[in-house]
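Down below is the structure, laid out as structure tokens.
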Number of protein chains: 2
Amino acid sequence: MRIGDLAARTGVSVRALRYYEEQGLLKANRSGSGQRHYPESVVDRVDLIQMLYAAGLSSRTIAELLPCVEAKVSTPESRARLFAERDRIDAQIAGLTRTRDRLDAVIASTGSPASGCTYIADRDVATQAGRPAAPPMTLR
Amino acid sequence: MRIGDLAARTGVSVRALRYYEEQGLLKANRSGSGQRHYPESVVDRVDLIQMLYAAGLSSRTIAELLPCVEAKVSTPESRARLFAERDRIDAQIAGLTRTRDRLDAVIASTGSPASGCTYIADRDVATQAGRPAAPPMTLR
DNA sequence: CTTGCCTCTGACGTCAACGTCAGGTTCTAG
DNA sequence: CTAGAACCTGACGTTGACGTCAGAGGCAAG
């Protein structure tokens, strides 16, 4: 599997994949001419990397945690890091939940035509109960 | 209330507050000599701005939503934006939850001394049920 | 063999949310 | 009144995760 294929499979740009390698997140088998070749397994690894980036981790942190996640090998430091990041993500979820609830409240107050709203809903406010199924998984 | 006081009250830097004003997120009453003075109410507004930044919104988006949130005034566009951002945050929470669960699984597998772990837990793995109370509210 | 697409290595560009420094004014405590 | 803290407006610096371009080589099809 060459880099273009991997890019297509993961939805990550070729540039990003080379960047990951530069950051020590990915290793590639090189052909005689220097071209990168990857085994199927890296698809999952790239997906995981994307998850961690989306969770706000830096390349450096990801590089520290990946051996721990994949090889199940951990040093005291990496374990501490693992706990710390897990907790940080928990806090982030909590904060996001508060933010979402705040937005829901705003939607409720400006959304109901009976509370001094300038316009009426122009979208399906009642798709379900105000919460349409979240799209696949954008995560930015 | 001057800008330094507001900074102290909100935990946001003076530079950031001036930046928010530059981006149209905050307005200040100017004294004759040009110094900014704020009413108490802006403290909440700054907190809200921080929440939205933490949720990954850009200044531009925040600027679009703030009138909607504060003055309860909405145009069809801003309402659409409101929904879109709420949904995006929902998706973000879902993704973060999956990421956290993945990390929890890793912790469980590398953490239990009975599964080929190199080191034993060096931290209070069992503070409660593996999930110590998340710190105040970092959110990055 | 050559055409066209893929790949390679630099290396500079980008963007947002500030940090930081310079040079000058203003407020306040003593 | 005077020192020192706080404030002002530019304006340039920073960081991370890439985008983009340049110039050169590699690879399968016809």
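To be explicit about the labels: the chains of the structure tokens are called A, B, and onward in the order shown, and within each one the residues are counted from 1, while ligands get numbers from 1 in the order they are shown.
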Got a sec to tell me which of region 18-125 of chain A DSSP assigns to alpha helix (DSSP H), as an MDAnalysis selection string? chainID A and resid 18:22 42:54 59:70 76:111
Near chain B, 9 Å: chain D residue rows, closest pairs, only C-alpha atoms (C1' of nucleotides), as CSV:
```
residue,atom,partner,partner_atom,distance
D:DA6,C1',B:Gly4,CA,7.7
D:DC7,C1',B:Gln35,CA,6.6
D:DC8,C1',B:Gln35,CA,7.3
```
Residue selection dump (N, CA, C and O atoms (P, O5', C5', C4', C3', O3' and C1' of nucleotides)) as a PDB file, in the first residue's frame:
```pdb
ATOM      1  P    DA D   6      -0.394  46.976  38.744  1.00  0.00           P
ATOM      2  O5'  DA D   6      -1.234  47.753  37.633  1.00  0.00           O
ATOM      3  C5'  DA D   6      -2.229  48.682  38.025  1.00  0.00           C
ATOM      4  C4'  DA D   6      -2.757  49.424  36.810  1.00  0.00           C
ATOM      5  C3'  DA D   6      -3.074  48.503  35.613  1.00  0.00           C
ATOM      6  O3'  DA D   6      -4.406  48.768  35.174  1.00  0.00           O
ATOM      7  C1'  DA D   6      -1.768  50.343  34.934  1.00  0.00           C
ATOM      8  P    DC D   7      -5.066  47.951  34.035  1.00  0.00           P
ATOM      9  O5'  DC D   7      -4.966  48.962  32.800  1.00  0.00           O
ATOM     10  C5'  DC D   7      -5.524  50.253  32.906  1.00  0.00           C
ATOM     11  C4'  DC D   7      -5.148  51.090  31.696  1.00  0.00           C
ATOM     12  C3'  DC D   7      -5.283  50.331  30.367  1.00  0.00           C
ATOM     13  O3'  DC D   7      -6.449  50.768  29.656  1.00  0.00           O
ATOM     14  C1'  DC D   7      -3.304  51.679  30.472  1.00  0.00           C
ATOM     15  P    DC D   8      -6.692  50.115  28.223  1.00  0.00           P
ATOM     16  O5'  DC D   8      -5.797  51.018  27.252  1.00  0.00           O
ATOM     17  C5'  DC D   8      -6.178  52.361  27.014  1.00  0.00           C
ATOM     18  C4'  DC D   8      -5.260  52.995  25.993  1.00  0.00           C
ATOM     19  C3'  DC D   8      -5.120  52.174  24.708  1.00  0.00           C
ATOM     20  O3'  DC D   8      -6.117  52.547  23.769  1.00  0.00           O
ATOM     21  C1'  DC D   8      -2.994  52.980  25.469  1.00  0.00           C
TER      22       DC D   8
END
```
List the neighbours of Tyr19 (chain B) out to 12 Å using only C-alpha atoms (C1' of nucleotides); skip same-chain residues closer than 3 positions along the sequence, and give me the result as number ranges by chain. B: 3, 12-16, 22-27, 46, 49, 59; C: 16-19
What would the file look like if the residues just selected were written as a compact mmCIF listing (two decimals), in the first residue's frame with N, CA and C atoms (P, O5', C5', C4', C3', O3' and C1' of nucleotides)?
```
# COMPACT_ATOMS: atom_id res chain seq x y z
N ILE B 3 -9.77 47.24 32.61
CA ILE B 3 -9.44 46.01 31.90
C ILE B 3 -8.63 45.03 32.75
N VAL B 12 -8.77 35.77 32.18
CA VAL B 12 -8.37 35.96 30.78
C VAL B 12 -7.34 37.09 30.75
N SER B 13 -6.37 37.00 29.89
CA SER B 13 -5.33 38.03 29.83
C SER B 13 -5.86 39.34 29.27
N VAL B 14 -5.19 40.42 29.64
CA VAL B 14 -5.54 41.74 29.14
C VAL B 14 -5.47 41.74 27.61
N ARG B 15 -4.44 41.14 27.10
CA ARG B 15 -4.28 41.08 25.65
C ARG B 15 -5.46 40.39 24.99
N ALA B 16 -5.91 39.31 25.60
CA ALA B 16 -7.03 38.56 25.04
C ALA B 16 -8.29 39.42 25.05
N GLU B 22 -11.42 43.69 19.55
CA GLU B 22 -11.01 43.83 18.15
C GLU B 22 -11.85 42.94 17.24
N GLN B 23 -12.24 41.78 17.77
CA GLN B 23 -13.02 40.83 16.99
C GLN B 23 -14.52 41.10 17.10
N GLY B 24 -14.87 42.14 17.83
CA GLY B 24 -16.28 42.48 17.93
C GLY B 24 -17.06 41.64 18.92
N LEU B 25 -16.37 41.01 19.85
CA LEU B 25 -17.06 40.16 20.81
C LEU B 25 -17.38 40.91 22.10
N LEU B 26 -16.70 42.03 22.27
CA LEU B 26 -16.82 42.78 23.52
C LEU B 26 -16.81 44.26 23.18
N LYS B 27 -17.63 45.03 23.88
CA LYS B 27 -17.56 46.47 23.66
C LYS B 27 -17.22 47.11 24.99
N VAL B 46 -17.74 37.36 29.10
CA VAL B 46 -16.40 36.84 28.86
C VAL B 46 -16.35 35.34 29.17
N ILE B 49 -17.87 33.62 26.30
CA ILE B 49 -16.92 33.62 25.17
C ILE B 49 -15.89 32.53 25.35
N SER B 59 -13.73 33.06 16.40
CA SER B 59 -14.20 34.39 16.77
C SER B 59 -15.36 34.81 15.89
P DA C 16 -7.95 33.05 10.45
O5' DA C 16 -8.43 32.44 11.84
C5' DA C 16 -8.12 31.10 12.16
C4' DA C 16 -7.90 30.91 13.64
C3' DA C 16 -8.37 32.03 14.56
O3' DA C 16 -8.83 31.43 15.75
C1' DA C 16 -6.02 31.77 14.76
P DA C 17 -9.77 32.26 16.74
O5' DA C 17 -8.78 32.48 17.96
C5' DA C 17 -8.29 31.35 18.66
C4' DA C 17 -7.16 31.77 19.58
C3' DA C 17 -7.46 33.00 20.46
O3' DA C 17 -6.91 32.77 21.75
C1' DA C 17 -5.49 33.34 19.28
P DC C 18 -7.48 33.55 23.01
O5' DC C 18 -7.03 35.07 22.78
C5' DC C 18 -5.95 35.63 23.49
C4' DC C 18 -4.61 35.02 23.14
C3' DC C 18 -3.43 35.69 23.83
O3' DC C 18 -2.89 34.84 24.85
C1' DC C 18 -2.99 35.31 21.51
P DG C 19 -1.99 35.57 25.97
O5' DG C 19 -0.55 35.63 25.28
C5' DG C 19 0.22 34.45 25.11
C4' DG C 19 1.68 34.79 24.85
C3' DG C 19 2.34 35.73 25.87
O3' DG C 19 3.71 35.32 26.02
C1' DG C 19 2.35 36.76 23.72
```
Distance query region 22-24 of chain C at most 10 Å, only C-alpha atoms (C1' of nucleotides), self and fewer than 2 positions along chain excluded, as a list in words: DT20 of chain C; DC8, DT9, DG10 and DA11 of chain D
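Closest to Leu6 (chain B) among B:Cys68, B:Ala28, B:Val42, B:Ala108 is B:Val42, based on only C-alpha atoms.
Picture a line from CA of Ser41 (chain B) to CA of Ala91 (chain A); it runs 26.4 Å.
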Can you check which parts of chain C lie within 10 Å of chain A? Per residue, the shortest pair of atoms and distance in Å to one decimal, counting only C-alpha atoms (C1' of nucleotides), sorted by chain and number, as a tab-separated table.
```
residue	atom	partner	partner_atom	distance
C:DC6	C1'	A:Gly4	CA	7.9
C:DT7	C1'	A:Gln35	CA	6.5
C:DC8	C1'	A:Gln35	CA	7.2
```
Which of region 29-94 of chain A fall in strand (DSSP E or B), as a PDB file with C-alpha atoms, in the first residue's frame:
```pdb
ATOM      1  CA  ASN A  29       8.767   0.437   4.930  1.00  0.00           C
ATOM      2  CA  ARG A  30      10.793   2.003   2.173  1.00  0.00           C
ATOM      3  CA  ARG A  36       6.861   4.414   1.394  1.00  0.00           C
ATOM      4  CA  HIS A  37       4.911   1.195   1.680  1.00  0.00           C
TER       5      HIS A  37
END
```
Coordinates-based distance that separates C1' of DA28 (chain D) from C1' of DT3 (chain C) (Å, one decimal):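 Answer for the C1' of DT3 (chain C) to C1' of DA28 (chain D) separation: 11.0 Å.
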For chain A, which residue among B:Arg98, B:Arg45, B:Arg81, B:Lys72 is the nearest when counting only C-alpha atoms?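 For chain A, the nearest of the given residues is B:Lys72.
Within 12 Å of DG23 (chain D), once only C-alpha atoms (C1' of nucleotides) are used and residues closer than 5 positions along the same chain are dropped, the contacting residues are DC8, DT9, DG10 and DA11 of chain C.
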Between CA of Pro67 (chain A) and CA of Met1 (chain A), what is the distance, to one decimal in Å?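 Computing the Euclidean distance for CA of Pro67 (chain A) and CA of Met1 (chain A) yields 22.6 Å.
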